[in-house]
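Here the structure comes first, spelled out in structure tokens, and everything after it is commentary.
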Amino acid sequence: MQDNRMFKQTVIALAVSLAFPATSAFADEVDELINPNVAEVAVKAQYVNQANPLYRQYTGINTDGVHGSADVNVVQRSEDGRWMKIEGRDLGLRTQELKGSVEQQGDWAVGIGYNQIPRFAPVEVTTPVKGLGDNTQTVPAVFPSEGTHETLMTERTATSLTARKFLSEHLQANFSFKSEDKKGERLFGANGQSIAGVNGATISTSNRQIFLAEPIDSNHQQFEASLDYATRQYYLSAGYYGSFYENKAGNALFVTSPTANNRTGMSPIALAPDNHAHEFQLAGGYNFSSDTQFKMNVGRTYAIQEDDFIDASLINVGGGNPATITHRTDLGGEVVTTNVFASLTSRVTRDLSLLASYAYENRDDKTPQETYLIDYGHGGAAVPNNPESQKTQRAKVEASYRLPMGYNLTAGYDYDYRKYDGMDELYRDKIQEGTWRLDLRKSLSETVNGSITVSHSDRDGSRWGTTPVTVFVTGGLAVGEHWTAPTQFSNRERDKARLLLDWLPTNALSLQASYEYAQDSYDTRINDIGLNHGRSQLFALDASYRFNEQWKANAWYSVGKNEIEQRSQQSTFGSKCDGSGTTAAQRRTNTCVPWASSLNLTSEAVGAGFDGRLSAKWSIGGQYLFSRDVNEYDLSVTDVGVNSPVAVGAGILPDTKYLQNTVRLFAKYAVTKATGVRLDYVWDKRELDDYTWNSWRYSDGTRVFQKPDQITHVIGVTLSHAF
Amino acid sequence: MRTMTKLLAVIACLGGIWSGAAAAADAPKDIVLKGDAKCTSCHDEADAPGVLHIGKTRHGTRADGRTPTCTDCHGDSDKHVNYKGSEKPPKPDRVFGKKTATPASERNAACLSCHETDPKRHLWAGSTHERRDVACTSCHEMHTGEDKVRDKRTQPEVCFACHKEQRAQINRPSHHPIPEGKMACSDCHNPHGSTGPKLLVKNSTNATCYTCHAEKRGPFVHNHTPVSEDCGNCHNPHGTVADSMLKTRPPFLCQQCHDPANHLGGIPAIASNMASGVSINASNTAGITQGRACLNCHTNIHGSNSPANASKAMRFWR
């Protein structure tokens with residue numbers, strides 16, 4: 001009887017299933033695979049324990065406790081190809097962003113967006129300076145014992161609009177607009193106020209360096225519009241980009257100093273001026289064949305800066321001198337930049353391809369030049385503003401040849417040329433650099449691919465300029481005459497090599513190793529002063545492994561070393577550098593001390609991650625990041641005997657060390673197919689041993705603190721539901 | 001009872017015959033793309049469910065007549081399709097996975113046959129990535145609704161597969177908010193080719209930086225040459241240990257260019273090593289080393305728009 005019942009049930013089931021195949025189940029399964037439509041909401045609560053300065057920098061969470069936020073993700077695609085997308089992240093936090101778009105695929109699209117990016121200074125400030133965030137700040141007259149605890153931060157809030165429309169099969173119009181407000185304050189400062197007290201300093205020995213916070217309140221609007229006509233044969237494009245920057249914080253930061261012990265009357269410190277730029281571009285390309293293509297782009301940009309100057313009546317330059325000399329009320333700044341780019345690529349034969357490209361930029365600073373100041377302290381020279389024009393050219397030729405066995409050899413030559421106008425007195429005005437490159441790569445192997453690249457560059461230029469008369473000291477000698485030898489102008493030989501190896505020993509395992517080496521050798525302008533040598537190495541190893549369809553893991557390690565050798569000379573203004581003099585003070589003044597520094601940075605980093613499914617309901621994952629940077633400052637000072645002007649304690653710098661250890665873990669549980677719970681845990685440890693702010697105190701008593709040991713814990717619970 | 005059993009058996013047989021007949025009469029049906037039955041008759045939800053995810057993407061939007069089918073990208077692959085043997089069939093004409101024998105240029109040609117006309121890809125030919133045999137699929141995943149490289153939170157890990165140095169740098173204390181997911185590599189770089197150096201989105205380094213840092217554009221009354229020339233002279237935008245993403249911390253950075261006259265050649269020192277009460281603004285002291293170092297006084301190092309008749313303005317103090 002029992003068997004009979006079983007048989008009947010089986011037959012019924014079989015009959016029904018065969019007569020009415022499970023189309024609905026099949027459809028559901030396939031639909032889940034191919035249908036993009038989703039409507040999800042996630043609500044998150046995260047408990048933050050010790051929102052440390054380095055962790056909070058961009059996370060937007062500055063206080064301990066529970067912080068709530070929400071994520072939204074809606075994607076709907078209609079049968080006729082119309083998409084609607086809404087995506088919100090971190091809603092409720094300072095990092096929140098929300099964007100939405102509607103698009104008829106292949107026809108038109110519009111989108112809007114809102115985005116916040118906070119930045120908390122990774123330091124804490126205790127300062128007696130008042131008015132942070134305003135454009136008038138007050139420095140105390142006397143060294144106070146305590147100040148106010150301040151957190152400096154800036155926040156960007158951007159709204160955007162984008163639109164695209166295909167006007168025909170080949171013609172499309174694009175438009176975008178973005179308006180970004182930036183508010184807050186950041187580390188600033190000035191030299192000016194002598195206050196006794198710091199480290200026992202008197203008025204005369206005070207460092208005069210005061211703490212200020214730059215007030216930030218600006219708006220930046222950017223418009224971009226283009227028309228593009230493109231076929232398989234050719235394309236033409238015309239575009240406009242406009243950028244409008246407005247500094248609402250004003251044109252100056254005024255510092256109130258209730259004491260006479262200040263330099264130049266604490267004249268206001270100029271803030272960034274309003275400016276705007278307009279870029280027009282024309283581009284085109286033509287395919288002579290499927291193997292030969294020509295591209296060209298021409299652009300012209302007008303950058304204008306004509307913000308009102310600080311009112312002369314508000315400027316105090318001290319010494320009874322006039323506050324301003326110029327009769328202008330604004331700079332009348334205009335920089336016109338012309339860009340031309342062209343490239344030709346061709347596959348000459350099946351195995352040989354060629355490339356030639358050329359880029360030209362002419363930055364023509366048309367700002368009117370006139371005298372803005374008299375350098376009373378250095379011979380009374382009239383100093384004009386310094387419009388800076390430059391022309392750059394970049395050219396490249398390259399040939400790639402496909403060799404047998406999957407090898408490919410590429411040889412190339414790059415040429416860079418720069419010419420400067422208006423600064424040839426200070427520097428050399430022409431620089432050129434040529435780079436030979438050779439690249440051998442093996443690809444198309446099923447298991448091992450790799451490449452080796454080597455290059456050699458030579459840079460030189462015209463003769464160095466003469467000492468500028470504007471800063472010449474009458475009767476001055478060796479080190480009384482300022483000169484500059486910018487590193488980017490120096491003769492340089494550069495060698496680089498890079499090896500990359502990809503190995504896929506099995507379908508599940510992927511390994512990658514890379515090594516990079518570079519060395520620079522500089523010829524400096526005078527006496528090896530400046531940057532002499534540079535060297536860098538980097539080795540990295542990556543591995544990823546897929547255990548099965550559910551579980552995978554990856555890990556990587558990298559170690560790098562950067563070395564810089566540079567030289568300078570400790571000297572006193574006007575020194576003869578010959579040790580001459582009849583008094584100890586004169587001999588000291590006339591003694592110069594060559595010194596050298598070897599700056600080494602060693603960086604190690606380890607990363608690892610895994611994720612997988614424990615069951616149909618549970619999935620887990622985690623990431624680990626270790627990063628350690630050690631800077632060593634090896635200074636060697638020439639012993640010049642008893643006349644040395646080197647202060648006791650100078651030339652000894654401790655290493656700086658930065659360490660990050662971050663563990664992120666998550667577990668997800670699918671309560672139902674639509675509802676899930678996620679747990680997150682973050683352990684973030686930073687160690688910072690840095691002399692930058694340790695034992696440093698501004699003359700006004702301000703202290704800036706970097707926590708040497710920072711640990712932040714975050715526990716998050718997220719409840720998500722798909723509708 | 002027996003009658004009932006027979007009846008059920010007959011229904012079962014009829015059902016089977018009907019459904020079998022129907023199945024036999026139907027040619028393989030497309031699942032996602034027009035004409036994909038050629039492939040999905042084998043690579044269906046049971047064989048390769050991941051393949052079908054292309055339906056979630058723009059490529060899978062059939063209402064858009066431009067969207068491709070499997071063979072537009074993978075080739076007609078007749079040998080693969082028509083293989084009758086029991087061994088593993090020959091591979092399709094174009095394979096995009098890691099272990100592919102299809103040259104990158106050939107793989108890319110499949111994508112460019114449509115995307116070459118996209119304005120942002122006009123300069124792909126001749127770009128560094130194109131010349132180094134980077135394939136579109138080296139970065140992009142087609143058969144997923146969540147292409148990692150198109151999400152700013154996950155994009156950097158795709159780029160770091162090759163750019164190892166930058167991977168280490170973004171974790172240094174002074175960095176752009178890349179690890180925090182608020183910026184991505186493509187905010188500054190166009191990996192598909194550009195007119196600027198280093199595949200930057202604008203014609204020059206500075207023009208790229210000004211899209212977020214327009215306050216540095218000037219021009220100023222007193223310009224600082226390396227600033228107006230190239231932000232990259234002093235900054236490493238991928239991250240540094242020194243504050244403000246400076247490549248080397250001051251005064252060393254400044255001393256690489258400036259003459260040693262007066263305090264410019266000062267030997268760095270820190271206050272805790274100095275005698276109490278020493279003027280820490282002197283030539284060889286903490287005033288040029290700690291805090292913001294040289295910038296303690298030369299506040300407006302990016303340029304000053306002060307019209308003041310004071311050399312302090314020229315030297316970026318004011």
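Identifiers for the structure tokens are assigned positionally: chains receive A, B, ... in sequence, residues are indexed from 1 per chain, and ligands are indexed from 1 in the order shown.
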
Between region 117-169 of chain B and region 523-544 of chain A, at 12 Å or less, what are the per-residue closest atom pairs and their distances in Å? Count only C-alpha atoms, order by chain and rising residue number, and return it as a tab-separated table.
residue	atom	partner	partner_atom	distance
B:Phe160	CA	A:Asp542	CA	10.5
B:Ala161	CA	A:Asp542	CA	8.5
B:Cys162	CA	A:Ala540	CA	10.0
B:His163	CA	A:Ala540	CA	10.1
B:Lys164	CA	A:Ala540	CA	6.8
B:Glu165	CA	A:Leu538	CA	7.1
B:Gln166	CA	A:Leu538	CA	10.8
B:Arg167	CA	A:Ala540	CA	10.3
B:Ala168	CA	A:Ala540	CA	9.9
B:Gln169	CA	A:Leu538	CA	11.7

Might you pull out every residue within 12 Å of Thr487 (chain A), with only C-alpha atoms counted and same-chain residues fewer than 3 positions away left off, and present them as an NGL selection string?
(:A and (427-428 or 431 or 459-460 or 484 or 490-492 or 520-525 or 528-534 or 566)) or (:B and (225-226 or 233-234 or 252-259))

For C-alpha atoms, I'd like the residues from the last selection saved as a JSON list (two decimals), in the first residue's frame.
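Result file is selection.json:
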[["chain", "number", "residue", "atom", "x", "y", "z"],
["A", 427, "TYR", "CA", 68.68, 80.05, -14.84],
["A", 428, "ARG", "CA", 69.60, 78.45, -18.06],
["A", 431, "ILE", "CA", 66.89, 72.30, -21.59],
["A", 459, "ARG", "CA", 69.65, 65.96, -20.15],
["A", 460, "ASP", "CA", 71.58, 69.14, -20.74],
["A", 484, "THR", "CA", 69.50, 79.28, -8.07],
["A", 490, "SER", "CA", 70.37, 70.45, -14.08],
["A", 491, "ASN", "CA", 72.27, 68.18, -16.40],
["A", 492, "ARG", "CA", 71.23, 64.66, -15.63],
["A", 520, "ASP", "CA", 70.10, 59.60, -11.56],
["A", 521, "SER", "CA", 73.37, 61.42, -11.73],
["A", 522, "TYR", "CA", 73.27, 65.22, -11.72],
["A", 523, "ASP", "CA", 75.82, 67.83, -12.70],
["A", 524, "THR", "CA", 75.11, 70.75, -10.45],
["A", 525, "ARG", "CA", 75.72, 74.37, -11.28],
["A", 528, "ASP", "CA", 78.23, 70.11, -6.33],
["A", 529, "ILE", "CA", 75.66, 72.19, -4.46],
["A", 530, "GLY", "CA", 72.20, 70.78, -4.93],
["A", 531, "LEU", "CA", 71.00, 67.33, -5.86],
["A", 532, "ASN", "CA", 73.88, 65.02, -6.84],
["A", 533, "HIS", "CA", 72.57, 61.49, -7.08],
["A", 534, "GLY", "CA", 69.36, 59.61, -6.82],
["A", 566, "GLN", "CA", 72.72, 66.23, -2.07],
["B", 225, "THR", "CA", 59.00, 79.06, -11.11],
["B", 226, "PRO", "CA", 58.80, 75.34, -10.33],
["B", 233, "ASN", "CA", 58.64, 69.16, -9.37],
["B", 234, "CYS", "CA", 57.89, 69.17, -5.66],
["B", 252, "PHE", "CA", 66.18, 69.33, 1.81],
["B", 253, "LEU", "CA", 63.66, 69.79, -1.00],
["B", 254, "CYS", "CA", 64.27, 73.53, -1.19],
["B", 255, "GLN", "CA", 68.03, 73.11, -0.91],
["B", 256, "GLN", "CA", 68.06, 70.94, -4.01],
["B", 257, "CYS", "CA", 67.54, 74.12, -6.03],
["B", 258, "HIS", "CA", 68.42, 77.11, -3.90],
["B", 259, "ASP", "CA", 71.85, 78.62, -3.31]]

Extract, using only C-alpha atoms, all DNA, RNA and protein residues at most 10 Å from region 242-249 of chain A, discarding same-chain residues fewer than 2 positions from it, and format them as a ChimeraX atom specification.
/A:133-135,177-183,214-225,240,251-253,271-280,301-305,307 /B:210-211,213-215,217

Just the residues within 12 Å of Asn82 (chain B), please, counting only C-alpha atoms, with nothing from its chain fewer than 3 positions along; format it as a ChimeraX atom specification.
/B:38-39,42,76-79,85,89-92

Near-region 398-408 of chain A list (6 Å; only C-alpha atoms; drop same-chain fewer than 2 positions) as a short mmCIF file (atom, residue, chain, number, x, y, z; two decimals) with C-alpha atoms, in the first residue's frame:
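Result went into around.cif, see below:
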data_model
loop_
_atom_site.label_atom_id
_atom_site.label_comp_id
_atom_site.auth_asym_id
_atom_site.auth_seq_id
_atom_site.Cartn_x
_atom_site.Cartn_y
_atom_site.Cartn_z
CA ASP A 351 55.07 42.12 -37.42
CA LEU A 352 56.32 45.70 -37.48
CA SER A 353 54.46 48.68 -36.07
CA LEU A 354 55.65 52.26 -35.84
CA LEU A 355 54.67 55.26 -33.77
CA THR A 410 60.20 47.67 -28.90
CA ALA A 411 62.78 50.37 -29.37
CA GLY A 412 62.00 54.02 -28.87
CA LEU A 440 61.51 43.07 -24.74
CA ARG A 441 58.37 41.25 -23.79
CA LYS A 442 57.13 37.75 -24.10
CA SER A 443 53.44 37.19 -24.27
CA LEU A 444 51.02 34.67 -25.65
#

Pro179 (chain B) surroundings by only C-alpha atoms, 8 Å radius, close-in-sequence under 2 positions cut, as a PyMOL selection string:
chain B and resi 153+170-171+177+181-182

Output for the residues just chosen: C-alpha atoms as a JSON list (two decimals), in the first residue's frame:
[["chain", "number", "residue", "atom", "x", "y", "z"],
["B", 153, "ARG", "CA", 36.55, 52.09, -4.74],
["B", 170, "ILE", "CA", 49.04, 55.56, -1.48],
["B", 171, "ASN", "CA", 49.31, 54.04, 1.97],
["B", 177, "PRO", "CA", 41.85, 59.85, -0.62],
["B", 181, "GLY", "CA", 37.53, 55.29, -2.02],
["B", 182, "LYS", "CA", 36.93, 58.97, -2.61]]

Set the distance at 10 Å and use only C-alpha atoms: which residues neighbour Glu370 (chain A) once local chain neighbours fewer than 4 positions away are removed? I'd like the list as a count of residues only.
11

Students should find that CA of Asp690 (chain A) and CA of Val663 (chain A) are spaced 23.8 Å

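Here CA of Arg150 (chain B) and CA of Cys185 (chain B) stand 10.6 Å from one another.
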
From a DSSP pass on the backbone, collect the residues of region 36-129 of chain B flagged as alpha helix (DSSP H) and hand them back as number ranges by chain.
B: 37-40, 49-52, 70-74, 78-81, 104-115, 128-129

Store the residues of this selection in a file with N, CA and C atoms, as a PDB file, in the first residue's frame.
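Result file is again.pdb:
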ATOM      1  N   ALA B  37      22.401  31.940 -28.929  1.00  0.00           N
ATOM      2  CA  ALA B  37      22.094  30.513 -28.765  1.00  0.00           C
ATOM      3  C   ALA B  37      23.203  29.647 -29.332  1.00  0.00           C
ATOM      4  N   LYS B  38      23.916  30.183 -30.297  1.00  0.00           N
ATOM      5  CA  LYS B  38      25.041  29.448 -30.863  1.00  0.00           C
ATOM      6  C   LYS B  38      26.016  29.052 -29.751  1.00  0.00           C
ATOM      7  N   CYS B  39      26.092  29.902 -28.758  1.00  0.00           N
ATOM      8  CA  CYS B  39      27.023  29.640 -27.656  1.00  0.00           C
ATOM      9  C   CYS B  39      26.293  29.137 -26.413  1.00  0.00           C
ATOM     10  N   THR B  40      25.152  29.772 -26.111  1.00  0.00           N
ATOM     11  CA  THR B  40      24.496  29.458 -24.844  1.00  0.00           C
ATOM     12  C   THR B  40      23.753  28.130 -24.871  1.00  0.00           C
ATOM     13  N   PRO B  49      27.396  29.838 -15.617  1.00  0.00           N
ATOM     14  CA  PRO B  49      26.457  30.905 -15.245  1.00  0.00           C
ATOM     15  C   PRO B  49      27.095  32.290 -15.320  1.00  0.00           C
ATOM     16  N   GLY B  50      28.395  32.373 -15.041  1.00  0.00           N
ATOM     17  CA  GLY B  50      29.058  33.678 -15.066  1.00  0.00           C
ATOM     18  C   GLY B  50      29.012  34.334 -16.427  1.00  0.00           C
ATOM     19  N   VAL B  51      29.019  33.527 -17.466  1.00  0.00           N
ATOM     20  CA  VAL B  51      28.998  34.064 -18.826  1.00  0.00           C
ATOM     21  C   VAL B  51      27.725  34.875 -19.058  1.00  0.00           C
ATOM     22  N   LEU B  52      26.640  34.398 -18.468  1.00  0.00           N
ATOM     23  CA  LEU B  52      25.347  35.046 -18.702  1.00  0.00           C
ATOM     24  C   LEU B  52      25.250  36.414 -18.028  1.00  0.00           C
ATOM     25  N   CYS B  70      27.816  37.251 -28.978  1.00  0.00           N
ATOM     26  CA  CYS B  70      29.033  36.539 -28.549  1.00  0.00           C
ATOM     27  C   CYS B  70      30.087  36.524 -29.646  1.00  0.00           C
ATOM     28  N   THR B  71      29.637  36.213 -30.860  1.00  0.00           N
ATOM     29  CA  THR B  71      30.608  36.022 -31.940  1.00  0.00           C
ATOM     30  C   THR B  71      31.212  37.334 -32.429  1.00  0.00           C
ATOM     31  N   ASP B  72      30.576  38.450 -32.126  1.00  0.00           N
ATOM     32  CA  ASP B  72      31.190  39.726 -32.493  1.00  0.00           C
ATOM     33  C   ASP B  72      32.510  39.915 -31.750  1.00  0.00           C
ATOM     34  N   CYS B  73      32.578  39.418 -30.562  1.00  0.00           N
ATOM     35  CA  CYS B  73      33.809  39.559 -29.763  1.00  0.00           C
ATOM     36  C   CYS B  73      34.687  38.311 -29.875  1.00  0.00           C
ATOM     37  N   HIS B  74      34.067  37.153 -29.799  1.00  0.00           N
ATOM     38  CA  HIS B  74      34.852  35.915 -29.750  1.00  0.00           C
ATOM     39  C   HIS B  74      35.101  35.309 -31.131  1.00  0.00           C
ATOM     40  N   ASP B  78      33.921  28.630 -35.582  1.00  0.00           N
ATOM     41  CA  ASP B  78      33.230  27.460 -36.135  1.00  0.00           C
ATOM     42  C   ASP B  78      33.853  26.137 -35.687  1.00  0.00           C
ATOM     43  N   LYS B  79      35.172  26.117 -35.629  1.00  0.00           N
ATOM     44  CA  LYS B  79      35.824  24.865 -35.212  1.00  0.00           C
ATOM     45  C   LYS B  79      35.421  24.496 -33.787  1.00  0.00           C
ATOM     46  N   HIS B  80      35.294  25.521 -32.975  1.00  0.00           N
ATOM     47  CA  HIS B  80      34.903  25.303 -31.585  1.00  0.00           C
ATOM     48  C   HIS B  80      33.451  24.840 -31.504  1.00  0.00           C
ATOM     49  N   VAL B  81      32.617  25.513 -32.274  1.00  0.00           N
ATOM     50  CA  VAL B  81      31.172  25.234 -32.212  1.00  0.00           C
ATOM     51  C   VAL B  81      30.846  23.866 -32.808  1.00  0.00           C
ATOM     52  N   ALA B 104      47.150  40.754 -28.033  1.00  0.00           N
ATOM     53  CA  ALA B 104      46.397  41.857 -27.416  1.00  0.00           C
ATOM     54  C   ALA B 104      45.766  42.744 -28.484  1.00  0.00           C
ATOM     55  N   SER B 105      46.498  42.978 -29.557  1.00  0.00           N
ATOM     56  CA  SER B 105      45.964  43.871 -30.593  1.00  0.00           C
ATOM     57  C   SER B 105      44.708  43.276 -31.210  1.00  0.00           C
ATOM     58  N   GLU B 106      44.692  41.963 -31.331  1.00  0.00           N
ATOM     59  CA  GLU B 106      43.518  41.311 -31.918  1.00  0.00           C
ATOM     60  C   GLU B 106      42.343  41.331 -30.941  1.00  0.00           C
ATOM     61  N   ARG B 107      42.671  41.124 -29.672  1.00  0.00           N
ATOM     62  CA  ARG B 107      41.610  41.204 -28.666  1.00  0.00           C
ATOM     63  C   ARG B 107      41.037  42.616 -28.618  1.00  0.00           C
ATOM     64  N   ASN B 108      41.929  43.591 -28.652  1.00  0.00           N
ATOM     65  CA  ASN B 108      41.461  44.974 -28.574  1.00  0.00           C
ATOM     66  C   ASN B 108      40.669  45.376 -29.813  1.00  0.00           C
ATOM     67  N   ALA B 109      41.050  44.797 -30.928  1.00  0.00           N
ATOM     68  CA  ALA B 109      40.340  45.144 -32.164  1.00  0.00           C
ATOM     69  C   ALA B 109      38.851  44.823 -32.027  1.00  0.00           C
ATOM     70  N   ALA B 110      38.560  43.751 -31.305  1.00  0.00           N
ATOM     71  CA  ALA B 110      37.158  43.386 -31.111  1.00  0.00           C
ATOM     72  C   ALA B 110      36.418  44.479 -30.355  1.00  0.00           C
ATOM     73  N   CYS B 111      37.077  45.051 -29.369  1.00  0.00           N
ATOM     74  CA  CYS B 111      36.428  46.115 -28.587  1.00  0.00           C
ATOM     75  C   CYS B 111      36.373  47.413 -29.382  1.00  0.00           C
ATOM     76  N   LEU B 112      37.511  47.698 -30.042  1.00  0.00           N
ATOM     77  CA  LEU B 112      37.595  48.977 -30.753  1.00  0.00           C
ATOM     78  C   LEU B 112      36.670  49.035 -31.965  1.00  0.00           C
ATOM     79  N   SER B 113      36.250  47.891 -32.439  1.00  0.00           N
ATOM     80  CA  SER B 113      35.348  47.920 -33.594  1.00  0.00           C
ATOM     81  C   SER B 113      34.100  48.726 -33.260  1.00  0.00           C
ATOM     82  N   CYS B 114      33.773  48.818 -31.988  1.00  0.00           N
ATOM     83  CA  CYS B 114      32.674  49.692 -31.574  1.00  0.00           C
ATOM     84  C   CYS B 114      33.194  50.921 -30.819  1.00  0.00           C
ATOM     85  N   HIS B 115      34.137  50.693 -29.914  1.00  0.00           N
ATOM     86  CA  HIS B 115      34.502  51.762 -28.976  1.00  0.00           C
ATOM     87  C   HIS B 115      35.546  52.732 -29.499  1.00  0.00           C
ATOM     88  N   THR B 128      50.545  54.746 -24.329  1.00  0.00           N
ATOM     89  CA  THR B 128      51.511  53.858 -23.657  1.00  0.00           C
ATOM     90  C   THR B 128      50.919  52.470 -23.430  1.00  0.00           C
ATOM     91  N   HIS B 129      49.690  52.423 -22.975  1.00  0.00           N
ATOM     92  CA  HIS B 129      49.093  51.111 -22.716  1.00  0.00           C
ATOM     93  C   HIS B 129      48.934  50.300 -23.995  1.00  0.00           C
TER      94      HIS B 129
END

From the list B:Met245, B:Ala125, B:Cys294, B:Cys231, which residue is nearest Gly265 (chain B) when using only C-alpha atoms?
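Of all the options, B:Cys294 lies closest to Gly265 (chain B).
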
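The space between CA of Val110 (chain A) and CA of Phe175 (chain A) spans 9.3 Å.
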
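Taking only C-alpha atoms into account, His235 (chain B) lies nearest to B:His176 out of the set B:His263, B:His176, B:Lys34, B:Arg131.
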